[in-house]
>>> print(open('data.csv').read())   # CSV, C-alpha atoms and all ligand atoms
chain,number,residue,atom,x,y,z
A,1,MET,CA,-8.8,25.5,7.6
A,2,SER,CA,-8.1,28.4,5.1
A,3,THR,CA,-10.6,31.3,5.2
A,4,ARG,CA,-9.7,32.4,1.6
A,5,ALA,CA,-12.6,32.7,-0.8
A,6,VAL,CA,-12.8,29.7,-3.2
A,7,PRO,CA,-14.1,29.9,-6.8
A,8,VAL,CA,-16.5,27.0,-6.2
A,9,ALA,CA,-18.2,26.6,-2.8
A,10,PRO,CA,-18.7,23.0,-1.5
A,11,ARG,CA,-22.2,21.7,-0.5
A,12,ASP,CA,-23.7,24.1,2.1
A,13,ASP,CA,-24.3,21.3,4.6
A,14,LEU,CA,-20.5,20.4,4.6
A,15,GLY,CA,-19.9,23.7,6.4
A,16,LEU,CA,-21.3,22.0,9.5
A,17,VAL,CA,-18.9,19.0,9.3
A,18,GLU,CA,-15.7,19.3,11.3
A,19,GLY,CA,-12.6,17.6,10.1
A,20,TYR,CA,-11.3,14.5,11.9
A,21,HIS,CA,-7.6,14.5,12.5
A,22,SER,CA,-5.4,13.1,15.2
A,23,PRO,CA,-2.5,15.6,15.7
A,24,GLN,CA,0.7,14.0,14.4
A,25,VAL,CA,3.7,15.2,16.5
A,26,ASP,CA,7.2,13.9,15.9
A,27,VAL,CA,8.0,11.9,19.1
A,28,SER,CA,9.7,8.6,19.8
A,29,VAL,CA,6.8,7.0,21.6
A,30,ARG,CA,3.6,7.2,19.6
A,31,LEU,CA,0.6,5.9,21.5
A,32,ASN,CA,-2.2,8.0,19.9
A,33,THR,CA,-3.8,6.0,17.1
A,34,ASN,CA,-4.4,2.5,18.4
A,35,GLU,CA,-2.1,0.8,15.9
A,36,SER,CA,-0.3,-2.4,16.8
A,37,PRO,CA,3.3,-1.8,18.0
A,38,TYR,CA,4.3,-5.0,16.4
A,39,ALA,CA,4.9,-5.5,12.6
A,40,PRO,CA,3.4,-8.6,11.0
A,41,PRO,CA,5.8,-11.6,10.7
A,42,ASP,CA,8.6,-11.4,8.1
A,43,GLU,CA,7.4,-14.6,6.5
A,44,PHE,CA,4.1,-13.0,5.8
A,45,VAL,CA,5.8,-10.1,4.1
A,46,GLU,CA,7.9,-12.5,2.0
A,47,ARG,CA,4.9,-14.5,0.9
A,48,TRP,CA,2.9,-11.4,0.1
A,49,LEU,CA,5.7,-9.8,-2.0
A,50,ALA,CA,6.3,-13.1,-3.9
A,51,GLU,CA,2.6,-13.3,-4.8
A,52,LEU,CA,2.5,-9.6,-5.7
A,53,ARG,CA,5.5,-10.1,-8.1
A,54,ALA,CA,3.6,-12.8,-9.9
A,55,THR,CA,0.4,-10.6,-10.2
A,56,PRO,CA,-0.3,-8.9,-13.6
A,57,LEU,CA,-0.2,-5.3,-12.5
A,58,ASN,CA,-1.7,-4.1,-15.9
A,59,ARG,CA,-4.9,-5.9,-15.0
A,60,TYR,CA,-7.7,-4.7,-12.7
A,61,PRO,CA,-8.0,-6.7,-9.4
A,62,ASP,CA,-10.8,-9.2,-8.9
A,63,ARG,CA,-13.8,-6.9,-8.5
A,64,GLU,CA,-15.4,-9.1,-5.9
A,65,ALA,CA,-12.3,-10.1,-4.0
A,66,ARG,CA,-13.5,-13.7,-4.1
A,67,ASP,CA,-10.4,-15.4,-2.8
A,68,LEU,CA,-10.1,-13.0,0.1
A,69,ARG,CA,-13.8,-13.3,1.0
A,70,ALA,CA,-13.6,-17.1,0.8
A,71,ALA,CA,-10.6,-17.2,3.1
A,72,LEU,CA,-12.1,-14.7,5.6
A,73,ALA,CA,-15.4,-16.7,5.6
A,74,GLN,CA,-13.6,-19.8,6.4
A,75,GLN,CA,-11.6,-18.2,9.2
A,76,LEU,CA,-14.8,-16.8,10.7
A,77,GLY,CA,-17.0,-19.9,10.2
A,78,GLN,CA,-19.3,-17.8,8.0
A,79,PRO,CA,-20.7,-18.2,4.5
A,80,PRO,CA,-18.7,-16.1,1.9
A,81,GLU,CA,-21.9,-14.4,0.8
A,82,ARG,CA,-21.9,-12.6,4.2
A,83,ILE,CA,-18.5,-10.9,3.7
A,84,PHE,CA,-17.9,-7.5,2.2
A,85,CYS,CA,-14.3,-6.1,2.0
A,86,ALA,CA,-13.1,-2.5,1.5
A,87,ASN,CA,-10.2,-0.1,2.1
A,88,GLY,CA,-10.2,-0.1,5.8
A,89,SER,CA,-13.3,-0.3,8.0
A,90,ASN,CA,-13.8,3.4,7.4
A,91,GLU,CA,-14.7,2.6,3.8
A,92,VAL,CA,-17.0,-0.2,4.9
A,93,LEU,CA,-18.8,2.3,7.2
A,94,GLN,CA,-19.0,4.8,4.4
A,95,THR,CA,-20.4,2.3,1.9
A,96,LEU,CA,-23.0,1.2,4.5
A,97,LEU,CA,-24.0,4.8,5.0
A,98,LEU,CA,-24.1,5.5,1.2
A,99,ALA,CA,-26.4,2.6,0.7
A,100,TYR,CA,-28.7,2.8,3.7
A,101,ALA,CA,-28.5,6.4,5.0
A,102,GLY,CA,-28.3,9.9,3.3
A,103,TYR,CA,-31.0,12.4,2.5
A,104,GLU,CA,-34.0,12.3,4.9
A,105,ARG,CA,-32.6,9.3,6.7
A,106,ARG,CA,-31.1,9.1,10.2
A,107,ALA,CA,-28.3,7.4,12.0
A,108,LEU,CA,-28.0,7.0,15.8
A,109,VAL,CA,-24.7,7.1,17.6
A,110,HIS,CA,-23.9,6.8,21.3
A,111,GLU,CA,-21.5,9.5,22.5
A,112,PRO,CA,-18.7,9.4,23.3
A,113,THR,CA,-17.8,7.1,20.5
A,114,TYR,CA,-15.7,6.8,17.4
A,115,ALA,CA,-16.0,10.2,15.7
A,116,LEU,CA,-16.1,8.8,12.2
A,117,HIS,CA,-19.5,7.3,12.7
A,118,SER,CA,-21.2,10.7,12.9
A,119,HIS,CA,-18.5,12.3,10.6
A,120,ILE,CA,-19.2,10.0,7.7
A,121,ALA,CA,-22.9,10.1,8.4
A,122,ARG,CA,-22.9,13.9,8.0
A,123,ILE,CA,-20.8,13.8,4.8
A,124,THR,CA,-23.4,11.4,3.3
A,125,GLY,CA,-26.1,13.9,4.2
A,126,THR,CA,-27.5,11.8,7.0
A,127,GLU,CA,-29.1,13.4,10.0
A,128,VAL,CA,-27.2,12.3,13.1
A,129,LEU,CA,-29.0,11.6,16.4
A,130,VAL,CA,-27.2,11.2,19.6
A,131,ALA,CA,-28.1,9.0,22.6
A,132,GLU,CA,-26.1,9.5,25.8
A,133,ARG,CA,-24.4,6.6,27.6
A,134,ALA,CA,-24.7,5.5,31.2
A,135,ASP,CA,-22.1,6.8,33.7
A,136,ASP,CA,-19.9,3.7,33.2
A,137,PHE,CA,-20.0,4.5,29.4
A,138,SER,CA,-22.1,1.5,28.5
A,139,ILE,CA,-25.0,2.0,26.2
A,140,ASP,CA,-28.1,2.9,28.1
A,141,THR,CA,-30.4,0.3,26.5
A,142,ASP,CA,-33.7,1.8,27.6
A,143,ALA,CA,-32.7,5.3,26.5
A,144,ALA,CA,-31.4,3.9,23.2
A,145,CYS,CA,-34.6,1.9,22.5
A,146,ASP,CA,-36.8,4.9,23.3
A,147,VAL,CA,-34.9,7.0,20.7
A,148,ILE,CA,-35.1,4.2,18.2
A,149,ALA,CA,-38.8,3.8,18.7
A,150,ASP,CA,-39.2,7.6,18.4
A,151,VAL,CA,-37.2,8.4,15.3
A,152,GLN,CA,-36.6,5.0,13.6
A,153,PRO,CA,-33.0,5.6,12.4
A,154,THR,CA,-32.0,3.5,9.3
A,155,VAL,CA,-28.6,2.9,10.9
A,156,VAL,CA,-28.0,2.3,14.6
A,157,PHE,CA,-24.3,2.3,15.5
A,158,ALA,CA,-22.8,0.5,18.4
A,159,CYS,CA,-19.0,0.2,18.9
A,160,SER,CA,-17.7,-2.7,21.0
A,161,PRO,CA,-15.2,-2.3,22.4
A,162,ASN,CA,-16.0,1.3,22.2
A,163,ASN,CA,-13.4,3.8,21.0
A,164,PRO,CA,-12.3,5.8,23.0
A,165,THR,CA,-13.8,4.4,26.3
A,166,GLY,CA,-12.8,0.7,25.8
A,167,THR,CA,-16.3,-0.4,27.0
A,168,VAL,CA,-17.4,-3.8,25.9
A,169,GLU,CA,-21.2,-4.0,25.4
A,170,PRO,CA,-23.0,-7.0,26.9
A,171,ARG,CA,-24.5,-9.3,24.2
A,172,GLU,CA,-27.9,-8.5,25.6
A,173,THR,CA,-27.5,-4.8,24.7
A,174,ILE,CA,-26.8,-5.6,21.1
A,175,ARG,CA,-29.7,-8.0,21.0
A,176,ALA,CA,-32.0,-5.3,22.5
A,177,LEU,CA,-31.0,-2.8,19.8
A,178,ILE,CA,-31.7,-5.4,17.2
A,179,ASP,CA,-35.1,-6.1,18.6
A,180,ALA,CA,-36.0,-2.4,18.8
A,181,ALA,CA,-34.6,-1.3,15.4
A,182,GLN,CA,-36.3,-1.4,12.0
A,183,GLY,CA,-33.1,-0.3,10.3
A,184,LEU,CA,-29.6,-1.8,10.4
A,185,VAL,CA,-27.7,-2.3,13.6
A,186,VAL,CA,-24.0,-1.8,12.8
A,187,VAL,CA,-21.6,-3.0,15.5
A,188,ASP,CA,-18.1,-1.7,14.9
A,189,GLU,CA,-15.7,-4.3,16.2
A,190,ALA,CA,-12.5,-2.7,15.1
A,191,TYR,CA,-11.0,-4.0,18.4
A,192,GLY,CA,-13.1,-7.1,18.5
A,193,GLU,CA,-10.3,-9.6,18.9
A,194,PHE,CA,-9.1,-7.9,22.1
A,195,ALA,CA,-12.5,-8.4,23.7
A,196,PRO,CA,-14.1,-11.4,25.5
A,197,HIS,CA,-17.0,-11.8,23.0
A,198,SER,CA,-18.1,-10.8,19.5
A,199,ALA,CA,-21.5,-10.2,17.9
A,200,ILE,CA,-20.5,-12.0,14.7
A,201,ASP,CA,-22.3,-15.2,15.7
A,202,ASP,CA,-25.6,-13.3,15.9
A,203,VAL,CA,-25.5,-12.3,12.2
A,204,ARG,CA,-28.4,-13.9,10.4
A,205,ASP,CA,-29.4,-14.0,6.7
A,206,ASP,CA,-32.8,-12.6,7.5
A,207,GLY,CA,-31.6,-10.3,10.3
A,208,ARG,CA,-30.5,-6.6,10.5
A,209,LEU,CA,-27.1,-7.0,12.3
A,210,VAL,CA,-23.9,-6.0,10.5
A,211,VAL,CA,-20.5,-6.4,12.2
A,212,VAL,CA,-17.6,-4.4,11.0
A,213,ARG,CA,-13.9,-5.4,11.5
A,214,THR,CA,-10.5,-4.2,10.5
A,215,TYR,CA,-7.0,-5.5,9.7
A,216,SER,CA,-5.5,-2.3,11.0
A,217,LYS,CA,-5.2,-3.3,14.7
A,218,VAL,CA,-4.9,-7.0,15.5
A,219,TRP,CA,-3.5,-7.9,12.1
A,220,SER,CA,-0.9,-5.2,12.3
A,221,MET,CA,-1.8,-4.0,8.8
A,222,ALA,CA,-2.9,-0.4,9.2
A,223,ALA,CA,-0.7,0.7,6.2
A,224,LEU,CA,-2.5,-1.7,3.9
A,225,ARG,CA,-6.0,-0.4,4.5
A,226,LEU,CA,-8.3,-3.4,4.8
A,227,GLY,CA,-11.6,-3.8,6.6
A,228,PHE,CA,-14.6,-6.0,6.2
A,229,ALA,CA,-18.3,-6.5,7.2
A,230,VAL,CA,-20.0,-9.7,8.2
A,231,ALA,CA,-23.6,-9.0,7.1
A,232,PRO,CA,-26.7,-10.6,5.7
A,233,PRO,CA,-26.2,-11.4,2.0
A,234,TRP,CA,-28.9,-8.8,0.9
A,235,VAL,CA,-26.8,-6.1,2.6
A,236,VAL,CA,-23.6,-7.4,1.0
A,237,ASP,CA,-25.3,-7.3,-2.4
A,238,GLN,CA,-26.3,-3.7,-1.9
A,239,LEU,CA,-22.8,-2.7,-0.7
A,240,ASP,CA,-21.3,-4.4,-3.9
A,241,GLU,CA,-23.7,-2.2,-5.9
A,242,VAL,CA,-22.7,1.0,-4.2
A,243,VAL,CA,-19.0,0.7,-3.9
A,244,LEU,CA,-16.8,1.9,-6.7
A,245,PRO,CA,-15.7,-0.8,-9.2
A,246,TYR,CA,-12.4,-2.5,-8.6
A,247,HIS,CA,-12.1,-0.5,-5.3
A,248,LEU,CA,-9.9,-3.0,-3.5
A,249,PRO,CA,-6.3,-3.2,-4.8
A,250,ALA,CA,-4.8,-6.6,-5.7
A,251,ALA,CA,-1.9,-5.9,-3.2
A,252,THR,CA,-4.5,-5.5,-0.4
A,253,GLN,CA,-6.6,-8.5,-1.4
A,254,ILE,CA,-3.5,-10.7,-1.4
A,255,ALA,CA,-2.2,-9.4,1.9
A,256,GLY,CA,-5.6,-10.0,3.6
A,257,ARG,CA,-5.7,-13.6,2.4
A,258,ILE,CA,-2.2,-14.5,3.3
A,259,ALA,CA,-2.4,-12.8,6.7
A,260,LEU,CA,-5.0,-15.3,7.8
A,261,GLU,CA,-2.5,-18.1,7.5
A,262,PHE,CA,-0.6,-16.4,10.3
A,263,ASP,CA,-3.5,-16.6,12.7
A,264,ALA,CA,-1.5,-18.1,15.6
A,265,GLU,CA,1.0,-15.2,15.4
A,266,MET,CA,-1.9,-12.8,15.5
A,267,ARG,CA,-3.4,-14.4,18.5
A,268,ASP,CA,0.0,-14.3,20.2
A,269,ARG,CA,0.3,-10.6,19.6
A,270,VAL,CA,-3.2,-10.0,20.9
A,271,ALA,CA,-2.5,-12.0,24.1
A,272,ARG,CA,0.7,-10.0,24.7
A,273,LEU,CA,-1.2,-6.7,24.2
A,274,VAL,CA,-4.1,-7.8,26.5
A,275,SER,CA,-1.6,-8.7,29.2
A,276,GLU,CA,0.2,-5.3,28.8
A,277,ARG,CA,-3.2,-3.5,28.8
A,278,GLU,CA,-4.0,-5.1,32.2
A,279,ARG,CA,-0.5,-4.1,33.5
A,280,LEU,CA,-1.0,-0.5,32.2
A,281,PHE,CA,-4.5,-0.3,33.7
A,282,ALA,CA,-3.2,-1.4,37.2
A,283,ALA,CA,-0.3,0.9,37.0
A,284,LEU,CA,-2.5,3.9,36.1
A,285,GLY,CA,-4.8,3.1,38.9
A,286,GLU,CA,-2.0,3.4,41.4
A,287,ILE,CA,-1.0,6.9,40.3
A,288,ASP,CA,-2.5,9.7,42.5
A,289,GLY,CA,-5.2,11.7,40.7
A,290,VAL,CA,-5.5,9.3,37.8
A,291,ALA,CA,-8.6,7.2,37.1
A,292,PRO,CA,-8.4,4.6,34.3
A,293,TYR,CA,-11.5,3.0,32.8
A,294,PRO,CA,-11.7,-0.7,32.2
A,295,SER,CA,-11.0,-1.6,28.6
A,296,GLY,CA,-11.6,-4.5,26.3
A,297,ALA,CA,-9.4,-3.0,23.5
A,298,ASN,CA,-5.8,-2.1,22.9
A,299,PHE,CA,-6.0,1.3,24.6
A,300,VAL,CA,-7.0,2.7,28.0
A,301,LEU,CA,-8.9,5.9,28.7
A,302,PHE,CA,-7.9,7.6,31.9
A,303,ARG,CA,-9.1,10.8,33.6
A,304,VAL,CA,-6.6,13.2,34.9
A,305,GLY,CA,-9.0,16.1,35.6
A,306,VAL,CA,-9.1,19.7,34.5
A,307,ARG,CA,-5.4,19.9,33.7
A,308,ALA,CA,-5.7,17.2,31.0
A,309,HIS,CA,-4.5,19.3,28.1
A,310,ALA,CA,-1.5,20.6,30.1
A,311,VAL,CA,-0.7,17.0,30.9
A,312,TRP,CA,-0.9,16.0,27.3
A,313,ARG,CA,1.5,18.8,26.3
A,314,ALA,CA,3.9,17.8,29.1
A,315,LEU,CA,3.8,14.2,27.8
A,316,VAL,CA,4.8,15.5,24.4
A,317,GLN,CA,7.8,17.3,26.0
A,318,HIS,CA,8.7,13.9,27.4
A,319,ASP,CA,8.6,12.5,23.9
A,320,VAL,CA,5.4,10.6,24.3
A,321,LEU,CA,2.2,11.2,22.3
A,322,VAL,CA,-1.2,10.0,23.5
A,323,ARG,CA,-4.7,11.2,22.4
A,324,ASP,CA,-6.2,14.2,24.1
A,325,CYS,CA,-9.9,13.4,24.4
A,326,SER,CA,-10.7,16.1,26.9
A,327,GLY,CA,-12.6,18.2,24.3
A,328,TRP,CA,-14.8,15.3,23.2
A,329,PRO,CA,-18.4,14.9,24.4
A,330,ASN,CA,-18.6,13.8,28.1
A,331,LEU,CA,-14.8,13.2,28.3
A,332,GLU,CA,-13.7,16.3,30.2
A,333,GLY,CA,-10.3,15.6,31.7
A,334,CYS,CA,-9.6,12.4,29.8
A,335,LEU,CA,-6.7,11.2,27.8
A,336,ARG,CA,-6.4,7.9,25.9
A,337,VAL,CA,-3.2,5.8,25.6
A,338,THR,CA,-2.7,3.0,23.1
A,339,VAL,CA,-1.1,-0.1,24.5
A,340,GLY,CA,2.5,-0.3,23.1
A,341,THR,CA,5.4,-2.6,23.7
A,342,PRO,CA,6.4,-3.1,27.4
A,343,ASP,CA,9.2,-0.6,26.9
A,344,GLU,CA,6.9,2.0,25.4
A,345,ASN,CA,4.4,1.5,28.2
A,346,ASP,CA,7.1,1.9,30.8
A,347,ALA,CA,8.3,5.1,29.0
A,348,PHE,CA,4.7,6.4,29.0
A,349,LEU,CA,4.2,5.6,32.7
A,350,ALA,CA,7.4,7.4,33.7
A,351,ALA,CA,6.6,10.4,31.5
A,352,LEU,CA,3.0,10.6,33.0
A,353,ARG,CA,4.4,10.6,36.5
A,354,ALA,CA,6.8,13.4,35.6
A,355,ALA,CA,4.2,15.3,33.7
A,356,LEU,CA,1.7,15.2,36.6
A,357,THR,CA,4.3,16.6,39.0
A,358,GLU,CA,5.3,19.3,36.5
A,359,VAL,CA,1.7,20.4,35.8
A,360,ALA,CA,0.8,20.4,39.5
A,361,GLY,CA,3.9,22.4,40.4
B,1,LIG,C1,-13.8,2.0,16.3
B,1,LIG,C2,-13.1,2.2,15.0
B,1,LIG,N1,-13.6,1.8,13.9
B,1,LIG,C3,-13.0,1.9,12.7
B,1,LIG,C4,-11.7,2.4,12.7
B,1,LIG,C5,-11.1,2.6,11.3
B,1,LIG,O1,-10.2,1.6,11.0
B,1,LIG,P1,-9.6,1.4,9.6
B,1,LIG,O2,-8.2,1.6,9.7
B,1,LIG,O3,-10.0,-0.1,9.3
B,1,LIG,O4,-10.3,2.3,8.6
B,1,LIG,C6,-11.0,2.8,13.8
B,1,LIG,C7,-9.7,3.3,13.8
B,1,LIG,O5,-9.1,3.8,14.7
B,1,LIG,C8,-11.7,2.7,15.0
B,1,LIG,O6,-11.2,3.0,16.2
>>> encode(input="data.csv", output="structure tokens")
Amino acid sequence: MSTRAVPVAPRDDLGLVEGYHSPQVDVSVRLNTNESPYAPPDEFVERWLAELRATPLNRYPDREARDLRAALAQQLGQPPERIFCANGSNEVLQTLLLAYAGYERRALVHEPTYALHSHIARITGTEVLVAERADDFSIDTDAACDVIADVQPTVVFACSPNNPTGTVEPRETIRALIDAAQGLVVVDEAYGEFAPHSAIDDVRDDGRLVVVRTYSKVWSMAALRLGFAVAPPWVVDQLDEVVLPYHLPAATQIAGRIALEFDAEMRDRVARLVSERERLFAALGEIDGVAPYPSGANFVLFRVGVRAHAVWRALVQHDVLVRDCSGWPNLEGCLRVTVGTPDENDAFLAALRAALTEVAG
């Protein structure tokens, strides 16, 4: 960040907010941001472009994204009144915090977790409270319920599978948080389809559970920026009030609706990635000095010890980019690799073996 004096200072409290950036390095094998390695089907792209060509671009998009919500609701077996869509799940999270958090309100996160939960909370002026996880990275339910009873946050975050650890929370944990909370319980399921179960079926019209999902990962649509919440209708109404008018471009709405017709292709991509994840996990476990953590997502966290940053740099030299998590809370010595194509995963494993030898030597 530049240290030059600026004519107008930003809000004082923003000085405490650190930026969130994954370093982008020019390499051939990019396994650092948990995107899908597979593009969506050509037929999807053709259908999307054809519909886009027939769309009057001089007109604002449907403000309520009704067709997209209806299609998503049908796919999820939920009423359309429970669906809210925005530009990526990050915008969904931001809208939730704008509506329910902010000045003199608190949000609870369980570290280590997705950094944007606390980052967006701070930007919205929300006080962030941190509960620690158990040694296996699962949420420590008793500790979390104690903090909730003490400070009554208006937003309790859970992330399942959790980024960056891959941990899938048991259903009982989410239910215990719901029972303890008086505010919203927001379960971020950005990687939900890679996991064995989801909290979506626990959303109730008179409940406090909100589940957030994205098209960026399993739908292979990170470039299009689309995420959504499944929430009680009174929450959805509030999010509609707070979000900017016409926030979701027509191109995104159309893409999101048409993508759902390629559900079988999505499931096939997910199955391939889950099977590669298991192969990667097993292969990492066989490398001396490497300890992978079980994952229900499309990435694997692994510990390489104190030399983690040196290993990360050596991997870049070998043309492979992973995420260096070693400076994150409770993740000393850890790196995170996104599951790629079989060739990319092989390239990563070969590079890791070489990097470990070089760093040791
Ligand atoms: C847990 C989690 N939630 C949300 C997001 C944001 O996704 P989107 O691209 O939908 O904004 C990510 C992206 O990596 C993530 O890991």
>>> residues_near_ligand(input="data.csv", ligand="ligand LIG 1 (chain B)", cutoff="7 Å", atoms="only C-alpha atoms and all ligand atoms", output="compact mmCIF listing (two decimals) with C-alpha atoms, in the frame of the given file")
# COMPACT_ATOMS: atom_id res chain seq x y z
CA THR A 33 -3.80 6.00 17.10
CA ASN A 34 -4.40 2.50 18.40
CA ASN A 87 -10.20 -0.10 2.10
CA GLY A 88 -10.20 -0.10 5.80
CA SER A 89 -13.30 -0.30 8.00
CA ASN A 90 -13.80 3.40 7.40
CA GLU A 91 -14.70 2.60 3.80
CA TYR A 114 -15.70 6.80 17.40
CA CYS A 159 -19.00 0.20 18.90
CA ASN A 162 -16.00 1.30 22.20
CA ASN A 163 -13.40 3.80 21.00
CA ASP A 188 -18.10 -1.70 14.90
CA GLU A 189 -15.70 -4.30 16.20
CA ALA A 190 -12.50 -2.70 15.10
CA TYR A 191 -11.00 -4.00 18.40
CA ARG A 213 -13.90 -5.40 11.50
CA THR A 214 -10.50 -4.20 10.50
CA TYR A 215 -7.00 -5.50 9.70
CA SER A 216 -5.50 -2.30 11.00
CA ALA A 222 -2.90 -0.40 9.20
CA ARG A 225 -6.00 -0.40 4.50
CA LEU A 226 -8.30 -3.40 4.80
CA GLY A 227 -11.60 -3.80 6.60
>>> closest_atom_pairs(input="data.csv", of="region 229-248 of chain A", to="region 46-69 of chain A", cutoff="9 Å", atoms="all atoms listed in the file", output="CSV")
residue,atom,partner,partner_atom,distance
A:Asp240,CA,A:Glu64,CA,7.8
A:Pro245,CA,A:Arg63,CA,6.4
A:Tyr246,CA,A:Arg63,CA,4.6
A:His247,CA,A:Arg63,CA,7.4
A:Leu248,CA,A:Pro61,CA,7.2
>>> write_last_selection(input="data.csv", atoms="C-alpha atoms", output="PDB file, in the coordinates of the input")
ATOM      1  CA  ASP A 240     -21.300  -4.400  -3.900  1.00  0.00           C
ATOM      2  CA  PRO A 245     -15.700  -0.800  -9.200  1.00  0.00           C
ATOM      3  CA  TYR A 246     -12.400  -2.500  -8.600  1.00  0.00           C
ATOM      4  CA  HIS A 247     -12.100  -0.500  -5.300  1.00  0.00           C
ATOM      5  CA  LEU A 248      -9.900  -3.000  -3.500  1.00  0.00           C
TER       6      LEU A 248
END
>>> atom_distance(input="data.csv", atom1="CA of Thr357 (chain A)", atom2="CA of Asn345 (chain A)")
18.6 Å
>>> closest_residue(input="data.csv", among="A:Met266, A:Ala354, A:Ala199, A:Leu301", to="His318 (chain A)", atoms="all atoms listed in the file")
A:Ala354
>>> closest_residue(input="data.csv", among="A:Val186, A:Ala229, A:Pro7, A:Ala115", to="Leu76 (chain A)", atoms="all atoms listed in the file")
A:Ala229
>>> closest_residue(input="data.csv", among="A:Thr141, A:Thr167, A:Thr154, A:Thr126", to="Val185 (chain A)", atoms="all atoms listed in the file")
A:Thr154
>>> closest_residue(input="data.csv", among="A:Phe194, A:Leu93, A:Arg82, A:Ala347", to="Gly207 (chain A)", atoms="all atoms listed in the file")
A:Arg82
>>> closest_residue(input="data.csv", among="A:Ala360, A:Ala9, A:Ile287, A:Val320", to="Ala308 (chain A)", atoms="all atoms listed in the file")
A:Ala360
>>> residues_around(input="data.csv", residues="Gly183 (chain A)", least_positions_apart="5", cutoff="12 Å", atoms="all atoms listed in the file", output="ChimeraX atom specification")
/A:96-97,100-101,105-108,148-149,151-157,177-178,207-210,235
>>> closest_residue(input="data.csv", among="A:Val130, A:Val218, A:Ala271, A:Leu315", to="Glu35 (chain A)", atoms="only C-alpha atoms")
A:Val218
